[in-house]
$ cat model20.txt   # compact mmCIF, C-alpha atoms
# COMPACT_ATOMS: atom_id res chain seq x y z
CA MET G 4 148.38 80.19 139.62
CA LYS G 5 148.31 82.89 142.26
CA GLU G 6 151.52 82.74 144.24
CA PRO G 7 150.39 84.63 147.37
CA ARG G 8 147.43 82.34 147.91
CA TRP G 9 149.54 79.24 147.33
CA LYS G 10 152.14 80.38 149.83
CA ASP G 11 149.43 80.98 152.39
CA ALA G 12 148.17 77.46 151.81
CA PHE G 13 151.49 75.71 152.19
CA GLY G 14 153.53 77.91 154.46
CA ARG G 15 156.96 79.41 154.08
CA VAL G 16 159.49 77.59 151.90
CA PRO G 17 162.51 76.74 154.07
CA ASP G 18 165.65 78.79 153.42
CA SER G 19 167.61 75.57 153.00
CA PHE G 20 165.36 74.52 150.11
CA SER G 21 165.70 77.93 148.41
CA ALA G 22 169.46 77.63 148.72
CA ARG G 23 169.40 74.16 147.16
CA VAL G 24 167.33 75.41 144.21
CA GLU G 25 169.69 78.34 143.65
CA GLY G 26 172.67 76.03 143.92
CA THR G 27 171.14 73.67 141.36
CA LEU G 28 170.64 76.50 138.88
CA ASN G 29 174.21 77.65 139.34
CA GLU G 30 175.43 74.11 138.91
CA MET G 31 173.49 73.70 135.65
CA ASN G 32 175.06 76.88 134.26
CA ARG G 33 178.59 75.60 134.79
CA MET G 34 178.12 71.91 133.99
CA GLU G 35 179.43 72.39 130.43
CA GLY G 36 182.89 73.08 131.81
CA ARG G 37 182.95 70.00 133.99
CA GLN G 38 185.18 67.20 132.71
CA THR G 39 182.91 64.19 133.04
CA MET G 40 181.83 61.25 130.98
CA LYS G 41 178.49 59.50 130.68
CA ARG G 42 178.54 55.86 129.73
CA LYS G 43 175.84 53.74 128.21
CA ILE G 44 176.23 50.14 129.28
CA ALA G 45 174.37 46.88 129.14
CA TRP G 46 173.01 46.48 132.65
CA ARG G 47 173.27 43.13 134.37
CA ALA G 48 171.45 43.59 137.65
CA ALA G 49 171.21 40.82 140.24
CA LEU G 50 171.13 40.38 143.99
CA ALA G 51 174.69 40.04 145.22
CA ALA G 52 174.88 38.01 148.39
CA ALA G 53 178.66 38.12 148.20
CA LEU G 54 178.52 41.83 149.03
CA ALA G 55 177.12 41.20 152.51
CA LEU G 56 180.46 41.76 154.26
CA ALA G 57 181.04 44.98 152.35
CA ILE G 58 177.54 46.14 153.25
CA LEU G 59 178.12 45.47 156.93
CA THR G 60 181.37 47.41 156.91
CA GLY G 61 179.92 50.27 154.91
CA THR G 62 176.85 50.60 157.10
CA ALA G 63 178.86 51.00 160.25
CA LEU G 64 181.06 53.63 158.62
CA ALA G 65 178.07 55.53 157.24
CA LEU G 66 176.46 55.74 160.64
CA GLY G 67 179.67 56.94 162.22
CA GLN G 68 180.05 59.73 159.63
CA GLY G 69 176.44 60.86 159.70
CA GLY G 70 175.44 58.97 156.56
CA GLY G 71 172.89 56.68 158.21
CA LEU G 72 169.15 56.83 157.68
CA ILE G 73 168.42 58.41 161.07
CA ASP G 74 171.15 61.00 160.49
CA PHE G 75 169.70 61.97 157.12
CA PHE G 76 166.18 62.17 158.57
CA ARG G 77 167.31 64.50 161.35
CA ARG G 78 168.91 66.81 158.79
CA SER G 79 165.92 66.76 156.44
CA THR G 80 163.32 68.00 158.94
CA ALA G 81 163.15 70.19 162.01
CA ILE G 82 161.25 67.42 163.79
CA PRO G 83 163.47 64.98 165.71
CA PRO G 84 162.49 61.29 165.68
CA ARG G 85 161.96 59.27 168.83
CA ALA G 86 164.95 57.43 170.25
CA ASP G 87 163.45 54.08 169.22
CA ALA G 88 163.23 55.04 165.53
CA ALA G 89 166.53 53.23 164.95
CA ASN G 90 164.75 49.95 165.79
CA ASP G 91 162.59 50.41 162.68
CA VAL G 92 165.54 50.53 160.29
CA ALA G 93 166.43 47.39 158.30
CA HIS G 94 170.10 46.92 157.43
CA ASN G 95 171.93 45.10 154.63
CA VAL G 96 168.83 45.08 152.48
CA ALA G 97 169.92 44.30 148.90
CA ALA G 98 172.54 44.97 146.24
CA ALA G 99 173.05 44.94 142.48
CA GLU G 100 176.03 45.39 140.17
CA ASN G 101 176.79 46.13 136.52
CA ASP G 102 179.85 47.09 134.48
CA LEU G 103 179.79 50.61 135.89
CA CYS G 104 178.74 50.53 139.53
CA ARG G 105 177.70 48.64 142.61
CA LEU G 106 174.41 49.75 144.12
CA THR G 107 173.96 48.71 147.74
CA VAL G 108 170.78 49.37 149.71
CA ARG G 109 172.29 49.79 153.15
CA GLU G 110 169.21 50.80 155.13
CA ALA G 111 165.45 51.03 154.64
CA ALA G 112 162.45 51.92 156.79
CA TYR G 113 158.68 52.19 156.23
CA ASP G 114 156.42 53.68 158.90
CA GLY G 115 153.06 53.52 157.14
CA LEU G 116 153.39 56.79 155.26
CA ALA G 117 156.98 57.26 154.12
CA VAL G 118 159.61 54.93 152.68
CA ARG G 119 163.18 55.95 153.53
CA VAL G 120 166.22 54.37 151.91
CA VAL G 121 169.99 54.87 152.07
CA MET G 122 171.96 53.67 149.04
CA ALA G 123 175.71 53.45 148.41
CA LEU G 124 177.10 53.69 144.87
CA GLU G 125 180.65 52.62 144.12
CA ALA G 126 182.50 52.62 140.80
CA VAL G 127 183.49 49.19 139.49
CA GLN G 128 186.37 50.52 137.38
CA PRO G 129 189.35 51.58 139.52
CA ASP G 130 189.97 54.75 137.46
CA GLU G 131 186.45 56.14 137.86
CA ILE G 132 184.44 58.02 140.49
CA LEU G 133 180.66 58.13 140.38
CA TYR G 134 178.60 61.25 140.90
CA SER G 135 174.96 62.18 140.45
CA ASP G 136 173.50 65.61 139.78
CA PHE G 137 169.91 64.33 139.99
CA GLN G 138 168.94 66.08 143.23
CA SER G 139 172.06 67.70 144.63
CA GLY G 140 172.45 71.47 144.57
CA GLY G 141 176.14 71.26 143.65
CA GLU G 142 179.21 69.12 144.05
CA GLU G 143 179.72 67.16 147.23
CA PRO G 144 183.00 67.82 149.12
CA MET G 145 185.63 65.09 148.82
CA GLY G 146 188.88 64.33 150.60
CA ASP G 147 190.35 65.75 153.78
CA ALA G 148 191.05 69.11 152.13
CA GLY G 149 187.40 69.77 151.36
CA GLU G 150 187.89 69.63 147.59
CA THR G 151 185.03 69.50 145.14
CA GLU G 152 184.40 66.26 143.27
CA THR G 153 185.99 67.74 140.14
CA GLU G 154 189.09 68.95 142.00
CA TYR G 155 189.53 65.63 143.79
CA ALA G 156 189.14 63.60 140.58
CA GLN G 157 191.70 65.76 138.78
CA ARG G 158 194.18 65.46 141.62
CA VAL G 159 193.99 61.64 141.86
CA GLY G 160 193.83 61.15 138.07
CA LYS G 161 190.36 59.62 137.87
CA ARG G 162 187.32 60.31 135.72
CA LEU G 163 183.95 61.44 137.01
CA VAL G 164 181.07 59.37 135.63
CA ASN G 165 177.48 60.59 135.92
CA VAL G 166 175.07 57.83 136.97
CA ASP G 167 172.07 60.08 136.26
CA PHE G 168 168.99 59.27 138.32
CA CYS G 169 169.42 57.72 141.76
CA ASP G 170 166.00 57.25 143.26
CA ILE G 171 163.35 54.85 144.59
CA ASP G 172 159.92 53.82 143.36
CA VAL G 173 157.12 52.03 145.18
CA GLU G 174 155.21 49.50 143.09
CA GLY G 175 151.71 50.70 142.26
CA MET G 176 151.89 53.81 144.43
CA PRO G 177 152.99 57.22 143.21
CA GLY G 178 154.28 59.66 145.76
CA SER G 179 156.23 62.83 146.39
CA GLY G 180 159.85 62.55 147.38
CA THR G 181 162.91 64.34 148.61
CA GLY G 182 166.50 63.36 149.17
CA ALA G 183 170.09 64.22 149.96
CA GLU G 184 173.57 63.03 149.08
CA THR G 185 176.93 62.88 150.83
CA ARG G 186 180.32 61.27 150.40
CA GLU G 187 182.08 58.44 152.19
CA GLY G 188 185.49 58.59 150.57
CA GLU G 189 184.89 57.88 146.88
CA THR G 190 181.57 56.17 147.62
CA LEU G 191 178.45 58.20 146.88
CA ILE G 192 175.84 57.93 149.66
CA VAL G 193 172.28 58.69 148.57
CA TYR G 194 169.25 59.19 150.83
CA ARG G 195 165.74 59.07 149.40
CA GLU G 196 162.44 59.60 151.20
CA LEU G 197 159.17 58.89 149.38
CA LEU G 198 155.79 59.83 150.86
CA VAL G 199 153.48 57.34 149.21
CA ASN G 200 149.90 58.19 148.30
CA GLN G 201 147.55 55.61 149.81
CA PRO G 202 143.92 56.74 149.53
CA ASP G 203 142.88 53.75 151.62
CA ALA G 204 144.50 52.29 154.74
CA ALA G 205 148.28 52.08 154.77
CA ALA G 206 149.68 48.85 153.37
CA GLU G 207 151.56 46.55 155.73
CA MET G 208 154.22 45.79 153.11
CA LEU G 209 155.45 47.63 150.03
CA THR G 210 157.64 46.58 147.12
CA VAL G 211 160.40 49.13 146.58
CA THR G 212 162.84 49.50 143.70
CA ALA G 213 166.08 51.41 144.17
CA TYR G 214 167.85 52.36 140.97
CA ALA G 215 170.68 54.31 139.40
CA GLY G 216 170.44 55.44 135.79
CA ASP G 217 167.39 56.11 133.66
CA GLY G 218 165.12 54.30 131.21
CA ASP G 219 166.16 50.92 129.83
CA ASP G 220 169.75 51.42 130.96
CA ARG G 221 169.12 51.68 134.67
CA LEU G 222 170.59 49.40 137.30
CA ALA G 223 167.86 48.39 139.71
CA VAL G 224 167.24 46.15 142.69
CA THR G 225 163.79 45.38 144.10
CA PHE G 226 163.05 44.43 147.68
CA PRO G 227 160.12 44.35 150.14
CA VAL G 228 159.79 46.71 153.09
CA THR G 229 157.53 45.86 156.00
CA ARG G 230 155.75 48.36 158.18
CA VAL G 231 157.63 47.92 161.45
CA SER G 232 155.99 50.45 163.70
CA GLY G 233 153.28 53.02 163.49
CA THR G 234 149.59 53.04 164.23
CA GLU G 235 146.86 54.58 162.16
CA THR G 236 143.68 56.22 163.44
CA ALA G 237 140.90 56.88 160.94
CA TYR G 238 138.73 59.98 161.29
CA ARG G 239 135.11 60.29 160.18
CA ALA G 240 134.13 63.55 158.47
CA SER G 241 130.86 65.31 159.19
CA GLU G 242 128.59 66.29 156.31
CA THR G 243 129.98 69.01 154.06
CA GLY G 244 126.56 70.57 153.34
CA THR G 245 126.63 72.83 150.30
CA CYS G 246 130.40 72.51 149.85
CA PRO G 247 131.23 70.59 146.62
CA LEU G 248 134.33 69.18 148.29
CA THR G 249 134.16 65.59 149.57
CA VAL G 250 136.54 64.23 152.20
CA ARG G 251 137.45 60.78 150.95
CA ARG G 252 139.77 59.90 153.80
CA ALA G 253 141.24 61.46 156.94
CA ALA G 254 143.71 59.62 159.14
CA ARG G 255 146.43 60.14 161.70
CA THR G 256 149.61 58.05 161.53
CA ASP G 257 151.88 57.78 164.57
CA SER G 258 155.35 56.38 164.14
CA ALA G 259 158.74 56.62 165.79
CA PHE G 260 159.74 59.12 163.10
CA ALA G 261 156.84 61.56 163.35
CA THR G 262 153.09 62.00 163.60
CA TYR G 263 151.27 62.74 160.35
CA PHE G 264 147.73 63.83 159.66
CA ALA G 265 146.42 63.47 156.12
CA ILE G 266 143.19 64.49 154.40
CA THR G 267 142.34 63.29 150.90
CA TRP G 268 139.55 65.06 149.08
CA THR G 269 137.83 65.27 145.72
CA VAL G 270 135.64 67.93 144.16
CA GLU G 271 132.57 67.35 142.03
CA PRO G 272 133.73 68.17 138.50
CA GLY G 273 132.02 71.02 136.69
CA ALA G 274 131.43 71.53 133.02
CA GLY G 275 135.16 71.49 132.34
CA THR G 276 136.55 71.88 128.85
CA PRO G 277 134.00 71.15 126.09
CA LEU G 278 134.56 67.89 124.24
CA ASN G 279 135.33 68.25 120.54
CA ALA G 280 132.63 66.17 118.84
CA GLU G 281 134.92 64.79 116.13
CA ASP G 282 138.07 64.20 118.17
CA THR G 283 139.14 60.83 119.59
CA TYR G 284 138.87 60.24 123.33
CA TYR G 285 139.38 57.29 125.68
CA ILE G 286 136.88 56.30 128.34
CA THR G 287 136.08 53.52 130.81
CA SER G 288 132.63 52.48 131.93
CA GLY G 289 133.12 53.64 135.52
CA GLY G 290 135.12 56.80 134.87
CA ARG G 291 133.76 60.35 134.80
CA CYS G 292 136.18 61.75 132.26
CA ALA G 293 137.00 61.47 128.57
CA HIS G 294 140.75 61.36 128.10
CA ARG G 295 143.07 62.38 125.29
CA LYS G 296 145.61 59.81 126.47
CA PRO G 297 144.63 56.12 126.72
CA GLN G 298 146.71 55.54 129.88
CA CYS G 299 146.07 58.81 131.68
CA GLY G 300 146.32 58.34 135.44
CA GLY G 301 147.13 54.64 135.04
CA MET G 302 143.84 53.94 133.24
CA GLU G 303 143.66 50.48 131.61
CA ASN G 304 141.49 48.84 128.94
CA ALA G 305 140.03 52.14 127.78
CA THR G 306 137.48 52.28 124.94
CA THR G 307 138.03 54.60 121.98
CA VAL G 308 135.12 56.94 121.22
CA THR G 309 134.47 60.27 119.58
CA GLY G 310 133.85 63.39 121.61
CA ALA G 311 130.18 63.26 120.63
CA GLU G 312 129.85 59.68 121.86
CA ALA G 313 131.63 60.51 125.12
CA ALA G 314 129.35 63.51 125.71
CA ALA G 315 126.28 61.35 125.05
CA GLN G 316 127.47 59.06 127.86
CA GLY G 317 127.78 61.99 130.25
CA LYS G 318 131.57 62.21 130.18
CA ILE G 319 133.47 65.45 130.69
CA ALA G 320 136.96 66.40 129.52
CA CYS G 321 139.72 65.12 131.79
CA PRO G 322 141.18 68.08 133.73
CA VAL G 323 144.67 66.66 133.17
CA CYS G 324 144.92 65.40 129.59
CA GLY G 325 141.61 66.49 128.10
CA SER G 326 142.58 70.04 127.33
CA ASP G 327 146.33 70.53 127.47
CA ALA G 328 149.01 68.50 125.72
CA LEU G 329 152.69 68.77 126.54
CA ASN G 330 154.71 70.92 124.17
CA ALA G 331 157.49 68.65 122.93
CA GLU G 332 160.18 71.35 122.94
CA GLU G 333 159.22 73.24 126.09
CA THR G 334 160.93 72.72 129.46
CA TYR G 335 158.99 70.96 132.22
CA TYR G 336 159.87 69.79 135.72
CA ILE G 337 159.15 66.27 136.97
CA THR G 338 159.83 63.93 139.88
CA SER G 339 160.15 60.17 139.65
CA GLY G 340 156.99 59.47 141.65
CA GLY G 341 154.81 62.29 140.32
CA ARG G 342 152.17 61.99 137.61
CA TYR G 343 152.52 65.50 136.25
CA ALA G 344 154.94 67.59 134.22
CA HIS G 345 155.13 71.09 135.69
CA ARG G 346 156.01 74.49 134.26
CA LYS G 347 157.10 75.66 137.70
CA PRO G 348 159.86 73.75 139.54
CA GLN G 349 158.25 74.34 142.94
CA CYS G 350 154.60 73.75 142.01
CA GLY G 351 152.63 72.47 145.00
CA GLY G 352 155.72 72.47 147.21
CA MET G 353 157.51 70.02 144.89
CA GLU G 354 161.20 69.62 145.69
CA ASN G 355 164.25 68.42 143.77
CA ALA G 356 162.49 68.34 140.40
CA THR G 357 164.33 67.37 137.23
CA ALA G 358 164.16 69.58 134.12
CA VAL G 359 163.12 67.69 130.96
CA THR G 360 161.57 68.51 127.61
CA GLY G 361 157.89 67.94 126.97
CA ALA G 362 158.79 65.04 124.69
CA GLU G 363 160.82 63.36 127.45
CA ALA G 364 158.05 63.94 129.99
CA ALA G 365 155.45 62.42 127.65
CA ALA G 366 157.69 59.42 127.01
CA ARG G 367 157.73 58.79 130.78
CA GLY G 368 153.94 58.91 130.94
CA LYS G 369 153.65 62.33 132.54
CA ALA G 370 150.60 64.54 132.01
CA ALA G 371 150.43 68.33 132.01
CA CYS G 372 149.95 69.65 135.54
CA PRO G 373 146.43 71.06 135.84
CA VAL G 374 147.77 73.88 138.00
CA CYS G 375 150.91 75.28 136.39
CA ALA G 376 151.10 73.62 132.96
CA SER G 377 147.58 74.42 131.86
CA ASP G 378 146.45 77.28 129.64
CA VAL G 379 143.60 77.75 132.12
CA GLU G 380 144.36 79.29 135.51
CA ALA G 381 143.52 76.08 137.37
CA LEU G 382 143.71 77.60 140.83
CA GLU G 383 140.59 79.55 139.92
CA ASN G 384 138.82 76.40 138.73
CA PRO G 385 136.52 75.08 141.51
CA SER G 386 136.53 71.64 139.83
CA ASN G 387 140.22 71.17 140.60
CA PRO G 388 140.76 69.61 144.07
CA GLN G 389 144.28 71.02 144.21
CA ALA G 390 142.80 74.51 144.08
CA TRP G 391 141.13 74.04 147.46
CA ARG G 392 142.73 74.01 150.88
CA PHE G 393 141.91 73.42 154.54
CA GLU G 394 142.56 75.77 157.42
CA SER G 395 142.62 74.76 161.06
CA ARG G 396 144.07 76.15 164.27
CA ALA G 397 145.15 72.60 165.07
CA PHE G 398 147.59 72.74 162.13
CA ALA G 399 148.99 76.21 162.81
CA ASP G 400 152.44 75.02 163.90
CA ALA G 401 152.70 71.92 161.67
CA GLU G 402 154.77 71.47 158.53
CA SER G 403 152.52 71.06 155.48
CA PHE G 404 152.89 69.39 152.09
CA GLY G 405 150.56 67.94 149.50
CA SER G 406 150.28 65.87 146.34
CA GLY G 407 147.69 64.87 143.76
CA ASP G 408 146.66 61.41 142.66
CA PHE G 409 144.05 59.48 140.70
CA LEU G 410 141.73 57.17 142.58
CA GLU G 411 140.62 53.81 141.20
CA ASP G 412 137.52 55.32 139.59
CA GLY G 413 139.65 57.82 137.67
CA THR G 414 138.73 60.77 139.87
CA LEU G 415 141.46 63.33 140.52
CA ALA G 416 142.07 63.66 144.26
CA TYR G 417 144.39 65.76 146.36
CA THR G 418 146.04 64.86 149.66
CA GLN G 419 147.28 67.39 152.17
CA ARG G 420 149.54 66.20 154.99
CA TRP G 421 150.67 67.87 158.16
CA LEU G 422 153.74 66.80 160.10
CA PHE G 423 153.90 66.98 163.90
CA GLN G 424 156.52 66.14 166.48
CA PRO G 425 155.84 62.80 168.18
CA GLY G 426 153.35 63.41 170.99
CA ALA G 427 152.42 66.93 169.87
CA PHE G 428 149.26 66.07 167.96
CA PRO G 429 145.99 67.43 169.45
CA GLU G 430 143.72 64.76 170.86
CA GLY G 431 140.02 64.41 170.12
CA GLU G 432 137.94 66.01 167.39
CA ILE G 433 139.59 68.27 164.82
CA THR G 434 137.76 71.11 163.11
CA VAL G 435 138.81 72.21 159.61
CA THR G 436 137.46 74.92 157.33
CA PRO G 437 137.32 74.33 153.55
CA VAL G 438 138.57 77.31 151.54
CA ALA G 439 137.52 77.59 147.88
CA PRO G 440 139.83 78.85 145.11
CA SER G 441 138.09 82.21 145.30
CA GLY G 442 138.99 82.49 148.98
CA GLU G 443 135.39 81.85 150.06
CA THR G 444 135.13 79.75 153.21
CA TYR G 445 132.55 77.03 153.77
CA PRO G 446 131.04 75.74 157.01
CA GLU G 447 133.44 73.85 159.26
CA ILE G 448 133.96 70.12 158.83
CA HIS G 449 134.37 68.08 162.01
CA LEU G 450 136.83 65.18 161.83
CA ILE G 451 136.01 62.66 164.53
CA PRO G 452 138.37 59.77 165.50
$ encode --input "model20.txt" --output "structure tokens"
Amino acid sequence: MKEPRWKDAFGRVPDSFSARVEGTLNEMNRMEGRQTMKRKIAWRAALAAALALAILTGTALALGQGGGLIDFFRRSTAIPPRADAANDVAHNVAAAENDLCRLTVREAAYDGLAVRVVMALEAVQPDEILYSDFQSGGEEPMGDAGETETEYAQRVGKRLVNVDFCDIDVEGMPGSGTGAETREGETLIVYRELLVNQPDAAAEMLTVTAYAGDGDDRLAVTFPVTRVSGTETAYRASETGTCPLTVRRAARTDSAFATYFAITWTVEPGAGTPLNAEDTYYITSGGRCAHRKPQCGGMENATTVTGAEAAAQGKIACPVCGSDALNAEETYYITSGGRYAHRKPQCGGMENATAVTGAEAAARGKAACPVCASDVEALENPSNPQAWRFESRAFADAESFGSGDFLEDGTLAYTQRWLFQPGAFPEGEITVTPVAPSGETYPEIHLIP
């Protein structure tokens, strides 16, 4: 992967993000000296209607102390939301409890592109305080004296208990996420924002799961979120001519939070990695690729064939699992909504990644990233859609981020999004220029609303 070209494609990494990464590394180096305990428990998750009064009280306090959803959103981006964004926020959404903690979903919002959730985690045992090092770059301040979590716990004679992962998932839709954490007394307040990949039109309702903990031991609560505001305008792409890139979808989403423009594209696969005639692969009748993993990219009901049989049917090696397996003992970086395990913690603009071994990543269904976890320099591979980019004067001042995904036919696609202030998006036709991995530019593509 060529760093200079990637930086040009995705813009400057914010200083705040660099500081968080550095803080996380420092925190990892000193975690061994931290007096904490991790408990394995038998989860008993259920909706807790009796917590409604506590939720109401907590929500008001969170908003007053800057722990509300709108407050978190303002701090997470340089783009301010419209004044009416607060009308799109649902309150007192759901709750669950186990022997360790109470998980309360205080607020949630979905604007057609992003799901945003604020959770509160409270310890059930009176002698414990919960913390999470999943995405934070260090300890959160506690108490009036600005103590660290460790200092506060030692002073009041309580134990710190790590609840591991605190995150959200959207049913059937992977995405790229970010988040933040703060304190409200001894209650841990967690903000999560997930940009969901929707190759087709945005869904009107999503099913979201908020959880604390990992694997079979996690405490989870599932709830629906409805698209409250936001309009979507589809754009038609002109012919791409000799360019092997195909624009699958282009759309603008306007909401009270921001205006987004997204382009999803695929690239006609080339020869790829040769199939080993005697090895076992997995294929589907409508898919282009032969896979090493039977569930790669969410594939179902795959047929087992040899490499020779797959080649005879015109299949090529999957660019994700067909050539590179995860090394069980190596360190990779993953996010809860991502499909890939990465060698680089900031691959593709990824934020707040968790370090795991290859064995752990494989157990969670992750595949080797075709960009940074491949033995082949994928950013020089014209068959990889993530290796391409778009340039446009219309996007010069917009924040940019991207993510990969598999479409229903098994094709690897890439989506690039640009974030604008409400009302700042250019009207009318937009002209973009495809840029190949080699840096070669192709004729302009006109995107027409």
$ closest_residue --input "model20.txt" --among "G:Gln316, G:Thr262, G:Thr269, G:Asn90" --to "G:Leu248" --atoms "all atoms listed in the file"
G:Thr269
$ residues_around --input "model20.txt" --residues "stretch 419-425 of chain G" --least-positions-apart "3" --cutoff "8 Å" --atoms "all atoms listed in the file" --output "list in words"
Ile82, Pro83, Pro84, Arg85, Asp257, Ser258, Ala259, Phe260, Ala261, Thr262, Tyr263, Phe264, Ala265, Ile266, Thr267, Phe398, Ala401, Glu402, Ser403, Phe404, Gly405, Ser406 and Phe428 of chain G
$ atom_distance --input "model20.txt" --atom1 "atom CA of G:Ser441" --atom2 "atom CA of G:Thr249"
17.6 Å
$ closest_residue --input "model20.txt" --among "G:Ala112, G:Ala240, G:Met353, G:Cys372" --to "G:Leu209" --atoms "all atoms listed in the file"
G:Ala112
$ atom_distance --input "model20.txt" --atom1 "atom CA of G:Met122" --atom2 "atom CA of G:Arg158"
26.2 Å
$ atom_distance --input "model20.txt" --atom1 "atom CA of G:Ala111" --atom2 "atom CA of G:Ala88"
11.8 Å
$ residues_around --input "model20.txt" --residues "stretch 179-195 of chain G" --least-positions-apart "3" --cutoff "6 Å" --atoms "only C-alpha atoms" --output "PyMOL selection string"
chain G and resi 119-125+198+340
$ axis_aligned_box --input "model20.txt" --around "stretch 79-92 of chain G" --padding-each-side "4 Å" --output "AutoDock Vina command-line options"
--center_x 163.9 --center_y 60.1 --center_z 163.3 --size_x 13.3 --size_y 28.2 --size_z 21.8
$ residues_around --input "model20.txt" --residues "G:Glu312" --least-positions-apart "3" --cutoff "10 Å" --atoms "only C-alpha atoms" --output "list in words"
Leu278, Ala280, Glu281, Thr283, Tyr284, Ala293, Thr307, Val308, Thr309, Ala315, Gln316, Gly317 and Lys318 of chain G
$ residues_around --input "model20.txt" --residues "G:Gly361" --least-positions-apart "2" --cutoff "7 Å" --atoms "all atoms listed in the file" --output "PyMOL selection string"
chain G and resi 329-335+359+363-365
